[in-house]
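Okay, final_29.pdb now, which holds PDB, C-alpha atoms, pLDDT in the B column:
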ATOM      1  CA  MET S   1     -94.352  25.775 -36.983  1.00 53.00           C
ATOM      2  CA  LYS S   2     -91.013  26.385 -35.275  1.00 61.00           C
ATOM      3  CA  SER S   3     -90.324  24.045 -32.355  1.00 77.00           C
ATOM      4  CA  MET S   4     -89.159  25.433 -29.047  1.00 91.00           C
ATOM      5  CA  ARG S   5     -86.035  24.353 -27.256  1.00 96.00           C
ATOM      6  CA  LYS S   6     -86.705  21.704 -24.640  1.00 97.00           C
ATOM      7  CA  LEU S   7     -86.050  22.799 -21.057  1.00 98.00           C
ATOM      8  CA  THR S   8     -85.115  20.036 -18.614  1.00 98.00           C
ATOM      9  CA  GLY S   9     -84.475  20.443 -14.915  1.00 98.00           C
ATOM     10  CA  ALA S  10     -82.105  17.765 -13.582  1.00 97.00           C
ATOM     11  CA  ALA S  11     -81.414  17.627  -9.858  1.00 97.00           C
ATOM     12  CA  PHE S  12     -79.944  15.512  -7.100  1.00 96.00           C
ATOM     13  CA  VAL S  13     -82.492  15.548  -4.267  1.00 97.00           C
ATOM     14  CA  SER S  14     -82.931  13.957  -0.856  1.00 98.00           C
ATOM     15  CA  LEU S  15     -86.075  12.096   0.128  1.00 97.00           C
ATOM     16  CA  ASP S  16     -87.311  15.261   1.825  1.00 96.00           C
ATOM     17  CA  GLY S  17     -86.732  17.331  -1.304  1.00 96.00           C
ATOM     18  CA  VAL S  18     -83.475  19.119  -0.424  1.00 98.00           C
ATOM     19  CA  MET S  19     -81.120  19.801  -3.329  1.00 97.00           C
ATOM     20  CA  GLN S  20     -78.552  22.075  -1.659  1.00 97.00           C
ATOM     21  CA  ALA S  21     -74.829  21.402  -2.016  1.00 97.00           C
ATOM     22  CA  PRO S  22     -74.790  17.776  -3.157  1.00 96.00           C
ATOM     23  CA  GLY S  23     -71.223  18.118  -4.423  1.00 92.00           C
ATOM     24  CA  GLY S  24     -69.178  19.082  -1.381  1.00 94.00           C
ATOM     25  CA  PRO S  25     -69.078  20.752   2.051  1.00 95.00           C
ATOM     26  CA  THR S  26     -67.905  24.128   0.684  1.00 95.00           C
ATOM     27  CA  GLU S  27     -70.227  24.179  -2.334  1.00 95.00           C
ATOM     28  CA  ASP S  28     -73.089  26.159  -0.746  1.00 96.00           C
ATOM     29  CA  PRO S  29     -73.134  26.561   3.049  1.00 96.00           C
ATOM     30  CA  THR S  30     -75.728  29.374   3.009  1.00 95.00           C
ATOM     31  CA  GLY S  31     -78.299  29.118   5.783  1.00 96.00           C
ATOM     32  CA  ASN S  32     -75.674  27.277   7.879  1.00 96.00           C
ATOM     33  CA  PHE S  33     -76.210  24.158   5.783  1.00 97.00           C
ATOM     34  CA  ASP S  34     -73.651  21.637   7.055  1.00 96.00           C
ATOM     35  CA  GLN S  35     -74.474  18.504   5.054  1.00 97.00           C
ATOM     36  CA  GLY S  36     -72.732  19.449   1.813  1.00 97.00           C
ATOM     37  CA  GLY S  37     -71.464  16.522  -0.247  1.00 96.00           C
ATOM     38  CA  TRP S  38     -74.290  14.219   0.817  1.00 96.00           C
ATOM     39  CA  VAL S  39     -74.439  12.321  -2.505  1.00 94.00           C
ATOM     40  CA  PHE S  40     -70.984  10.813  -2.059  1.00 92.00           C
ATOM     41  CA  GLY S  41     -71.843   8.713   0.974  1.00 89.00           C
ATOM     42  CA  ILE S  42     -74.016   6.502  -1.239  1.00 89.00           C
ATOM     43  CA  GLY S  43     -72.302   5.353  -4.404  1.00 81.00           C
ATOM     44  CA  ASP S  44     -74.764   4.109  -7.013  1.00 83.00           C
ATOM     45  CA  ASP S  45     -74.170   3.969 -10.750  1.00 85.00           C
ATOM     46  CA  VAL S  46     -77.853   3.970 -11.722  1.00 89.00           C
ATOM     47  CA  PHE S  47     -77.642   7.644 -12.669  1.00 84.00           C
ATOM     48  CA  ASP S  48     -74.500   7.359 -14.844  1.00 86.00           C
ATOM     49  CA  PRO S  49     -76.398   6.689 -18.107  1.00 90.00           C
ATOM     50  CA  ILE S  50     -78.801   9.577 -17.558  1.00 88.00           C
ATOM     51  CA  LEU S  51     -75.967  11.984 -16.752  1.00 88.00           C
ATOM     52  CA  GLY S  52     -74.149  10.846 -19.872  1.00 90.00           C
ATOM     53  CA  GLU S  53     -77.254  11.567 -21.915  1.00 92.00           C
ATOM     54  CA  LEU S  54     -77.904  14.973 -20.355  1.00 92.00           C
ATOM     55  CA  PHE S  55     -74.330  16.195 -20.757  1.00 93.00           C
ATOM     56  CA  THR S  56     -73.640  14.917 -24.259  1.00 92.00           C
ATOM     57  CA  PRO S  57     -73.084  17.972 -26.469  1.00 93.00           C
ATOM     58  CA  PRO S  58     -74.824  19.955 -27.725  1.00 95.00           C
ATOM     59  CA  PHE S  59     -76.508  21.266 -24.585  1.00 96.00           C
ATOM     60  CA  ALA S  60     -76.928  24.712 -23.056  1.00 98.00           C
ATOM     61  CA  LEU S  61     -77.139  25.501 -19.361  1.00 98.00           C
ATOM     62  CA  LEU S  62     -79.711  27.652 -17.602  1.00 98.00           C
ATOM     63  CA  LEU S  63     -78.347  28.682 -14.214  1.00 97.00           C
ATOM     64  CA  GLY S  64     -79.070  30.892 -11.245  1.00 96.00           C
ATOM     65  CA  ARG S  65     -76.320  33.297 -10.274  1.00 95.00           C
ATOM     66  CA  ARG S  66     -75.010  31.332  -7.277  1.00 95.00           C
ATOM     67  CA  THR S  67     -74.860  28.048  -9.183  1.00 97.00           C
ATOM     68  CA  TYR S  68     -73.048  29.858 -11.981  1.00 97.00           C
ATOM     69  CA  ASP S  69     -70.466  31.147  -9.497  1.00 96.00           C
ATOM     70  CA  ILE S  70     -69.979  27.624  -8.103  1.00 96.00           C
ATOM     71  CA  PHE S  71     -69.521  26.130 -11.573  1.00 97.00           C
ATOM     72  CA  ALA S  72     -67.313  28.958 -12.873  1.00 97.00           C
ATOM     73  CA  ALA S  73     -64.941  28.475  -9.939  1.00 96.00           C
ATOM     74  CA  TYR S  74     -64.640  24.749 -10.601  1.00 95.00           C
ATOM     75  CA  TRP S  75     -65.286  23.415 -14.093  1.00 96.00           C
ATOM     76  CA  PRO S  76     -62.809  25.520 -16.111  1.00 96.00           C
ATOM     77  CA  PHE S  77     -59.986  24.332 -13.866  1.00 95.00           C
ATOM     78  CA  VAL S  78     -60.521  20.570 -13.559  1.00 94.00           C
ATOM     79  CA  ASP S  79     -58.269  18.038 -15.220  1.00 92.00           C
ATOM     80  CA  GLY S  80     -57.732  14.292 -15.168  1.00 93.00           C
ATOM     81  CA  ASP S  81     -60.847  12.152 -15.413  1.00 89.00           C
ATOM     82  CA  LEU S  82     -63.104  15.222 -15.246  1.00 89.00           C
ATOM     83  CA  GLY S  83     -61.170  17.234 -17.817  1.00 92.00           C
ATOM     84  CA  GLY S  84     -63.489  16.277 -20.669  1.00 91.00           C
ATOM     85  CA  MET S  85     -66.535  17.287 -18.674  1.00 93.00           C
ATOM     86  CA  GLY S  86     -64.907  20.603 -17.827  1.00 94.00           C
ATOM     87  CA  GLU S  87     -64.239  21.256 -21.506  1.00 95.00           C
ATOM     88  CA  ALA S  88     -67.858  20.429 -22.401  1.00 95.00           C
ATOM     89  CA  MET S  89     -69.183  22.745 -19.690  1.00 96.00           C
ATOM     90  CA  THR S  90     -66.923  25.562 -20.853  1.00 97.00           C
ATOM     91  CA  ALA S  91     -67.900  25.104 -24.495  1.00 97.00           C
ATOM     92  CA  ALA S  92     -71.631  25.073 -23.721  1.00 97.00           C
ATOM     93  CA  ASP S  93     -73.648  28.283 -23.732  1.00 98.00           C
ATOM     94  CA  LYS S  94     -74.445  29.292 -20.167  1.00 98.00           C
ATOM     95  CA  HIS S  95     -77.511  31.481 -19.663  1.00 98.00           C
ATOM     96  CA  VAL S  96     -77.439  33.058 -16.211  1.00 97.00           C
ATOM     97  CA  VAL S  97     -80.528  34.513 -14.553  1.00 96.00           C
ATOM     98  CA  SER S  98     -79.127  37.481 -12.686  1.00 93.00           C
ATOM     99  CA  HIS S  99     -80.235  41.000 -11.815  1.00 87.00           C
ATOM    100  CA  ASP S 100     -76.809  42.243 -10.751  1.00 87.00           C
ATOM    101  CA  ASP S 101     -74.084  43.697 -12.954  1.00 86.00           C
ATOM    102  CA  GLN S 102     -71.265  41.438 -11.828  1.00 89.00           C
ATOM    103  CA  PRO S 103     -69.220  40.199 -14.793  1.00 92.00           C
ATOM    104  CA  LEU S 104     -69.741  36.753 -16.271  1.00 96.00           C
ATOM    105  CA  ASP S 105     -66.140  35.887 -17.102  1.00 95.00           C
ATOM    106  CA  TRP S 106     -66.523  32.199 -17.929  1.00 97.00           C
ATOM    107  CA  ALA S 107     -66.514  31.679 -21.703  1.00 97.00           C
ATOM    108  CA  ASN S 108     -69.873  31.556 -23.486  1.00 98.00           C
ATOM    109  CA  SER S 109     -71.827  33.068 -20.583  1.00 98.00           C
ATOM    110  CA  TYR S 110     -74.846  35.311 -21.136  1.00 97.00           C
ATOM    111  CA  ARG S 111     -77.048  37.248 -18.733  1.00 96.00           C
ATOM    112  CA  LEU S 112     -80.839  36.902 -18.539  1.00 95.00           C
ATOM    113  CA  ASN S 113     -83.023  39.059 -16.334  1.00 92.00           C
ATOM    114  CA  GLY S 114     -86.339  37.299 -15.903  1.00 89.00           C
ATOM    115  CA  ILE S 115     -89.015  34.876 -17.032  1.00 92.00           C
ATOM    116  CA  ALA S 116     -89.782  36.782 -20.239  1.00 93.00           C
ATOM    117  CA  ALA S 117     -86.132  36.461 -21.255  1.00 96.00           C
ATOM    118  CA  ILE S 118     -86.224  32.712 -20.599  1.00 96.00           C
ATOM    119  CA  GLN S 119     -89.377  32.400 -22.687  1.00 96.00           C
ATOM    120  CA  ALA S 120     -87.629  34.212 -25.542  1.00 96.00           C
ATOM    121  CA  LEU S 121     -84.578  31.974 -25.113  1.00 97.00           C
ATOM    122  CA  LYS S 122     -86.736  28.862 -25.465  1.00 96.00           C
ATOM    123  CA  GLU S 123     -88.168  30.259 -28.683  1.00 95.00           C
ATOM    124  CA  SER S 124     -84.720  30.977 -30.152  1.00 96.00           C
ATOM    125  CA  ASP S 125     -82.479  28.647 -32.126  1.00 95.00           C
ATOM    126  CA  GLY S 126     -79.929  26.596 -30.241  1.00 95.00           C
ATOM    127  CA  ALA S 127     -79.308  23.531 -28.143  1.00 96.00           C
ATOM    128  CA  ASP S 128     -81.830  22.235 -25.641  1.00 97.00           C
ATOM    129  CA  LEU S 129     -81.602  23.810 -22.189  1.00 98.00           C
ATOM    130  CA  LEU S 130     -80.595  22.100 -18.950  1.00 98.00           C
ATOM    131  CA  ILE S 131     -81.030  23.484 -15.425  1.00 98.00           C
ATOM    132  CA  GLN S 132     -78.400  22.432 -12.918  1.00 96.00           C
ATOM    133  CA  GLY S 133     -78.641  23.399  -9.266  1.00 94.00           C
ATOM    134  CA  SER S 134     -80.409  26.775  -9.226  1.00 95.00           C
ATOM    135  CA  SER S 135     -83.215  25.961  -6.795  1.00 96.00           C
ATOM    136  CA  THR S 136     -84.707  29.455  -7.057  1.00 94.00           C
ATOM    137  CA  LEU S 137     -85.510  28.946 -10.751  1.00 96.00           C
ATOM    138  CA  TYR S 138     -87.955  26.083 -10.304  1.00 97.00           C
ATOM    139  CA  PRO S 139     -90.982  27.814  -8.718  1.00 96.00           C
ATOM    140  CA  PRO S 140     -91.255  30.652 -11.297  1.00 96.00           C
ATOM    141  CA  LEU S 141     -90.452  28.397 -14.252  1.00 97.00           C
ATOM    142  CA  LEU S 142     -93.063  25.843 -13.202  1.00 97.00           C
ATOM    143  CA  ALA S 143     -95.587  28.626 -12.649  1.00 96.00           C
ATOM    144  CA  ALA S 144     -94.893  29.939 -16.162  1.00 96.00           C
ATOM    145  CA  GLY S 145     -95.152  26.471 -17.707  1.00 96.00           C
ATOM    146  CA  LEU S 146     -91.637  26.634 -19.133  1.00 97.00           C
ATOM    147  CA  ILE S 147     -90.205  23.362 -17.776  1.00 98.00           C
ATOM    148  CA  ASP S 148     -90.788  20.435 -20.122  1.00 98.00           C
ATOM    149  CA  GLU S 149     -89.259  17.654 -18.057  1.00 98.00           C
ATOM    150  CA  LEU S 150     -87.816  16.942 -14.619  1.00 98.00           C
ATOM    151  CA  VAL S 151     -85.076  14.377 -14.108  1.00 98.00           C
ATOM    152  CA  LEU S 152     -84.716  13.643 -10.411  1.00 98.00           C
ATOM    153  CA  MET S 153     -81.969  11.558  -8.855  1.00 96.00           C
ATOM    154  CA  THR S 154     -83.401  10.920  -5.408  1.00 97.00           C
ATOM    155  CA  TYR S 155     -81.075   9.672  -2.680  1.00 96.00           C
ATOM    156  CA  PRO S 156     -82.217   7.634   0.344  1.00 96.00           C
ATOM    157  CA  VAL S 157     -81.264  10.326   2.840  1.00 97.00           C
ATOM    158  CA  VAL S 158     -83.252  12.862   4.860  1.00 97.00           C
ATOM    159  CA  LEU S 159     -81.430  16.174   5.338  1.00 97.00           C
ATOM    160  CA  GLY S 160     -84.042  18.013   7.376  1.00 96.00           C
ATOM    161  CA  ALA S 161     -83.129  21.508   6.177  1.00 97.00           C
ATOM    162  CA  GLY S 162     -81.753  23.221   3.104  1.00 97.00           C
ATOM    163  CA  LYS S 163     -82.814  24.628  -0.233  1.00 97.00           C
ATOM    164  CA  ARG S 164     -85.616  22.586  -1.731  1.00 96.00           C
ATOM    165  CA  LEU S 165     -86.481  21.754  -5.316  1.00 95.00           C
ATOM    166  CA  PHE S 166     -90.127  22.700  -4.825  1.00 95.00           C
ATOM    167  CA  GLY S 167     -89.613  25.783  -2.674  1.00 93.00           C
ATOM    168  CA  ASN S 168     -91.844  28.712  -1.789  1.00 93.00           C
ATOM    169  CA  GLY S 169     -93.927  29.870  -4.721  1.00 94.00           C
ATOM    170  CA  THR S 170     -94.153  26.484  -6.443  1.00 96.00           C
ATOM    171  CA  PRO S 171     -97.641  26.203  -7.964  1.00 96.00           C
ATOM    172  CA  PRO S 172     -99.800  23.122  -7.368  1.00 96.00           C
ATOM    173  CA  GLY S 173     -99.932  20.749 -10.299  1.00 97.00           C
ATOM    174  CA  ALA S 174     -99.803  17.145 -11.451  1.00 97.00           C
ATOM    175  CA  LEU S 175     -96.789  15.313 -12.836  1.00 98.00           C
ATOM    176  CA  ARG S 176     -96.774  12.371 -15.243  1.00 98.00           C
ATOM    177  CA  LEU S 177     -94.155   9.659 -14.699  1.00 98.00           C
ATOM    178  CA  LEU S 178     -92.181   8.951 -17.879  1.00 98.00           C
ATOM    179  CA  GLU S 179     -89.495   6.574 -16.598  1.00 96.00           C
ATOM    180  CA  GLN S 180     -88.133   5.175 -13.365  1.00 96.00           C
ATOM    181  CA  GLN S 181     -85.123   3.158 -12.251  1.00 95.00           C
ATOM    182  CA  VAL S 182     -83.880   2.112  -8.830  1.00 96.00           C
ATOM    183  CA  GLY S 183     -80.232   1.376  -8.134  1.00 94.00           C
ATOM    184  CA  THR S 184     -78.823  -1.261  -5.824  1.00 93.00           C
ATOM    185  CA  LYS S 185     -78.163   1.371  -3.125  1.00 93.00           C
ATOM    186  CA  GLY S 186     -81.688   2.764  -3.315  1.00 94.00           C
ATOM    187  CA  VAL S 187     -81.022   5.803  -5.515  1.00 95.00           C
ATOM    188  CA  MET S 188     -84.113   6.436  -7.642  1.00 96.00           C
ATOM    189  CA  VAL S 189     -83.882   8.054 -11.065  1.00 96.00           C
ATOM    190  CA  THR S 190     -87.234   9.320 -12.292  1.00 97.00           C
ATOM    191  CA  ARG S 191     -88.330  11.372 -15.290  1.00 97.00           C
ATOM    192  CA  TRP S 192     -91.456  13.504 -14.978  1.00 98.00           C
ATOM    193  CA  ALA S 193     -93.440  15.768 -17.291  1.00 98.00           C
ATOM    194  CA  PRO S 194     -95.760  18.510 -16.000  1.00 97.00           C
ATOM    195  CA  ASP S 195     -99.306  17.270 -16.511  1.00 97.00           C
ATOM    196  CA  GLY S 196    -101.661  20.164 -15.857  1.00 96.00           C
ATOM    197  CA  PRO S 197    -103.681  20.878 -12.732  1.00 95.00           C
ATOM    198  CA  ILE S 198    -104.231  18.385  -9.936  1.00 95.00           C
ATOM    199  CA  PRO S 199    -107.206  16.234 -10.996  1.00 93.00           C
ATOM    200  CA  ALA S 200    -110.469  17.306  -9.406  1.00 91.00           C
ATOM    201  CA  VAL S 201    -112.155  14.803  -7.102  1.00 89.00           C
ATOM    202  CA  ASN S 202    -115.815  14.816  -6.132  1.00 90.00           C
ATOM    203  CA  HIS S 203    -115.504  14.125  -2.441  1.00 87.00           C
ATOM    204  CA  PRO S 204    -118.607  12.843  -0.658  1.00 87.00           C
ATOM    205  CA  PRO S 205    -120.172  15.271   1.806  1.00 83.00           C
ATOM    206  CA  PRO S 206    -118.443  15.052   5.193  1.00 81.00           C
ATOM    207  CA  ARG S 207    -120.270  13.253   7.946  1.00 81.00           C
ATOM    208  CA  SER S 208    -121.751  15.645  10.442  1.00 85.00           C
ATOM    209  CA  SER S 209    -121.477  15.409  14.199  1.00 93.00           C
ATOM    210  CA  ALA S 210    -121.364  17.813  17.097  1.00 93.00           C
ATOM    211  CA  PHE S 211    -117.650  17.124  17.425  1.00 92.00           C
ATOM    212  CA  GLU S 212    -117.032  17.860  13.728  1.00 91.00           C
ATOM    213  CA  ALA S 213    -119.120  21.040  13.902  1.00 91.00           C
ATOM    214  CA  GLU S 214    -117.035  22.201  16.847  1.00 93.00           C
ATOM    215  CA  ARG S 215    -113.820  21.330  15.000  1.00 92.00           C
ATOM    216  CA  GLN S 216    -114.932  23.320  11.944  1.00 92.00           C
ATOM    217  CA  ARG S 217    -115.810  26.275  14.166  1.00 93.00           C
ATOM    218  CA  ARG S 218    -112.308  26.197  15.660  1.00 95.00           C
ATOM    219  CA  ILE S 219    -110.776  25.933  12.187  1.00 95.00           C
ATOM    220  CA  ALA S 220    -112.729  29.022  11.087  1.00 95.00           C
ATOM    221  CA  GLU S 221    -111.523  30.880  14.180  1.00 96.00           C
ATOM    222  CA  ARG S 222    -107.958  29.631  13.609  1.00 95.00           C
ATOM    223  CA  SER S 223    -107.874  28.138  17.084  1.00 95.00           C
ATOM    224  CA  TRP S 224    -107.620  24.493  16.013  1.00 94.00           C
TER     225      TRP S 224
END
For this file, write the structure as structure tokens.
Amino acid sequence: MKSMRKLTGAAFVSLDGVMQAPGGPTEDPTGNFDQGGWVFGIGDDVFDPILGELFTPPFALLLGRRTYDIFAAYWPFVDGDLGGMGEAMTAADKHVVSHDDQPLDWANSYRLNGIAAIQALKESDGADLLIQGSSTLYPPLLAAGLIDELVLMTYPVVLGAGKRLFGNGTPPGALRLLEQQVGTKGVMVTRWAPDGPIPAVNHPPPRSSAFEAERQRRIAERSW
């Protein structure tokens, strides 16, 4: 039986689940987000090995359109210490989920137009797939059961607002912890695999009282 490509979502996230614009103040200010570049205030090398593993060729990227635009404006033009990474990103296949007809000028870029296309991509030959940024991809991909693993680099900051990893439309479900590390600055690197529905629990019958009956009545009337 032919094996499918593995699809991993790797994200920098805050303690309150925000993943918007970790790389700089001009990266993604949509929604008046003004905390861009939040990862750089806390230097911690605990995630260096995992990033090295994720971005060792061969890999292929699965990106939303805005993340693609951010990357295409940056990675082909870097030099110095980041030059090698820029070359690897340019050489990698980049599959972009987009419904517009704007050109994809960065080398090795290909348009996808929905979940069915991503399913077909997973079933095709090629390198394993890696999501970077692209917060809008997570809810539908999780709902379709297409994400095999999550790698989260969680920073000890609370941002209060911004695009979240588990945004609107994310289905309920359990996750199984595969690995965890904590750096000296409190950055947590965790690997998770989707693990089916949330386990059912047989809760004991609630205790009854006049106060609880009144509370339930107000809940039913949406006045609580």
Item to complete: Up to 9 Å from (-82.4, 9.6, -3.7) in the file's coordinates: name the residues, counting only C-alpha atoms, as a PyMOL selection string.
Response: chain S and resi 12-15+39+152-157+186-189
Worksheet item: Could you tell me, as a ChimeraX atom specification, which residues have any atom at most 12 Å from (-84.4, 21.7, -22.3), counting only C-alpha atoms?
Response: /S:3-10,54-55,58-62,118-119,121-123,126-132,146-151,193
Expected file: the selected residues, C-alpha atoms, as an mmCIF file, keeping the file's coordinate frame:
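File produced: out-v5.cif:
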data_model
loop_
_atom_site.group_PDB
_atom_site.id
_atom_site.type_symbol
_atom_site.label_atom_id
_atom_site.label_comp_id
_atom_site.auth_asym_id
_atom_site.auth_seq_id
_atom_site.Cartn_x
_atom_site.Cartn_y
_atom_site.Cartn_z
ATOM 1 C CA SER S 3 -90.324 24.045 -32.355
ATOM 2 C CA MET S 4 -89.159 25.433 -29.047
ATOM 3 C CA ARG S 5 -86.035 24.353 -27.256
ATOM 4 C CA LYS S 6 -86.705 21.704 -24.640
ATOM 5 C CA LEU S 7 -86.050 22.799 -21.057
ATOM 6 C CA THR S 8 -85.115 20.036 -18.614
ATOM 7 C CA GLY S 9 -84.475 20.443 -14.915
ATOM 8 C CA ALA S 10 -82.105 17.765 -13.582
ATOM 9 C CA LEU S 54 -77.904 14.973 -20.355
ATOM 10 C CA PHE S 55 -74.330 16.195 -20.757
ATOM 11 C CA PRO S 58 -74.824 19.955 -27.725
ATOM 12 C CA PHE S 59 -76.508 21.266 -24.585
ATOM 13 C CA ALA S 60 -76.928 24.712 -23.056
ATOM 14 C CA LEU S 61 -77.139 25.501 -19.361
ATOM 15 C CA LEU S 62 -79.711 27.652 -17.602
ATOM 16 C CA ILE S 118 -86.224 32.712 -20.599
ATOM 17 C CA GLN S 119 -89.377 32.400 -22.687
ATOM 18 C CA LEU S 121 -84.578 31.974 -25.113
ATOM 19 C CA LYS S 122 -86.736 28.862 -25.465
ATOM 20 C CA GLU S 123 -88.168 30.259 -28.683
ATOM 21 C CA GLY S 126 -79.929 26.596 -30.241
ATOM 22 C CA ALA S 127 -79.308 23.531 -28.143
ATOM 23 C CA ASP S 128 -81.830 22.235 -25.641
ATOM 24 C CA LEU S 129 -81.602 23.810 -22.189
ATOM 25 C CA LEU S 130 -80.595 22.100 -18.950
ATOM 26 C CA ILE S 131 -81.030 23.484 -15.425
ATOM 27 C CA GLN S 132 -78.400 22.432 -12.918
ATOM 28 C CA LEU S 146 -91.637 26.634 -19.133
ATOM 29 C CA ILE S 147 -90.205 23.362 -17.776
ATOM 30 C CA ASP S 148 -90.788 20.435 -20.122
ATOM 31 C CA GLU S 149 -89.259 17.654 -18.057
ATOM 32 C CA LEU S 150 -87.816 16.942 -14.619
ATOM 33 C CA VAL S 151 -85.076 14.377 -14.108
ATOM 34 C CA ALA S 193 -93.440 15.768 -17.291
#
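The neighbours of Asp34 in chain S here are the residues that come within 12 Å of it, using all atoms listed in the file and leaving out any residue fewer than 2 positions away in the same chain; they are S:Gln20, S:Ala21, S:Pro22, S:Gly24, S:Pro25, S:Thr26, S:Glu27, S:Asp28, S:Pro29, S:Thr30, S:Gly31, S:Asn32, S:Gly36, S:Gly37, S:Trp38, S:Leu159, S:Gly160, S:Ala161, S:Gly162.
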Next, the residues of the selection above should be written as a PDB file, in the coordinates of the input with C-alpha atoms.
ATOM      1  CA  GLN S  20     -78.552  22.075  -1.659  1.00 97.00           C
ATOM      2  CA  ALA S  21     -74.829  21.402  -2.016  1.00 97.00           C
ATOM      3  CA  PRO S  22     -74.790  17.776  -3.157  1.00 96.00           C
ATOM      4  CA  GLY S  24     -69.178  19.082  -1.381  1.00 94.00           C
ATOM      5  CA  PRO S  25     -69.078  20.752   2.051  1.00 95.00           C
ATOM      6  CA  THR S  26     -67.905  24.128   0.684  1.00 95.00           C
ATOM      7  CA  GLU S  27     -70.227  24.179  -2.334  1.00 95.00           C
ATOM      8  CA  ASP S  28     -73.089  26.159  -0.746  1.00 96.00           C
ATOM      9  CA  PRO S  29     -73.134  26.561   3.049  1.00 96.00           C
ATOM     10  CA  THR S  30     -75.728  29.374   3.009  1.00 95.00           C
ATOM     11  CA  GLY S  31     -78.299  29.118   5.783  1.00 96.00           C
ATOM     12  CA  ASN S  32     -75.674  27.277   7.879  1.00 96.00           C
ATOM     13  CA  GLY S  36     -72.732  19.449   1.813  1.00 97.00           C
ATOM     14  CA  GLY S  37     -71.464  16.522  -0.247  1.00 96.00           C
ATOM     15  CA  TRP S  38     -74.290  14.219   0.817  1.00 96.00           C
ATOM     16  CA  LEU S 159     -81.430  16.174   5.338  1.00 97.00           C
ATOM     17  CA  GLY S 160     -84.042  18.013   7.376  1.00 96.00           C
ATOM     18  CA  ALA S 161     -83.129  21.508   6.177  1.00 97.00           C
ATOM     19  CA  GLY S 162     -81.753  23.221   3.104  1.00 97.00           C
TER      20      GLY S 162
END
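Across the structure, CA of Asp69 in chain S and CA of Asp93 in chain S are spaced 14.9 Å apart.
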Would you compute, for all listed atoms of range 113-123 of chain S, the axis-aligned bounding box grown by 5 Å on each side, and then report its centre and edge lengths in Å rounded to one decimal, as JSON?
{"center_x": -86.4, "center_y": 34.0, "center_z": -22.3, "size_x": 16.8, "size_y": 20.2, "size_z": 22.8}
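CA of Pro57 in chain S is positioned 21.7 Å from CA of Val97 in chain S.
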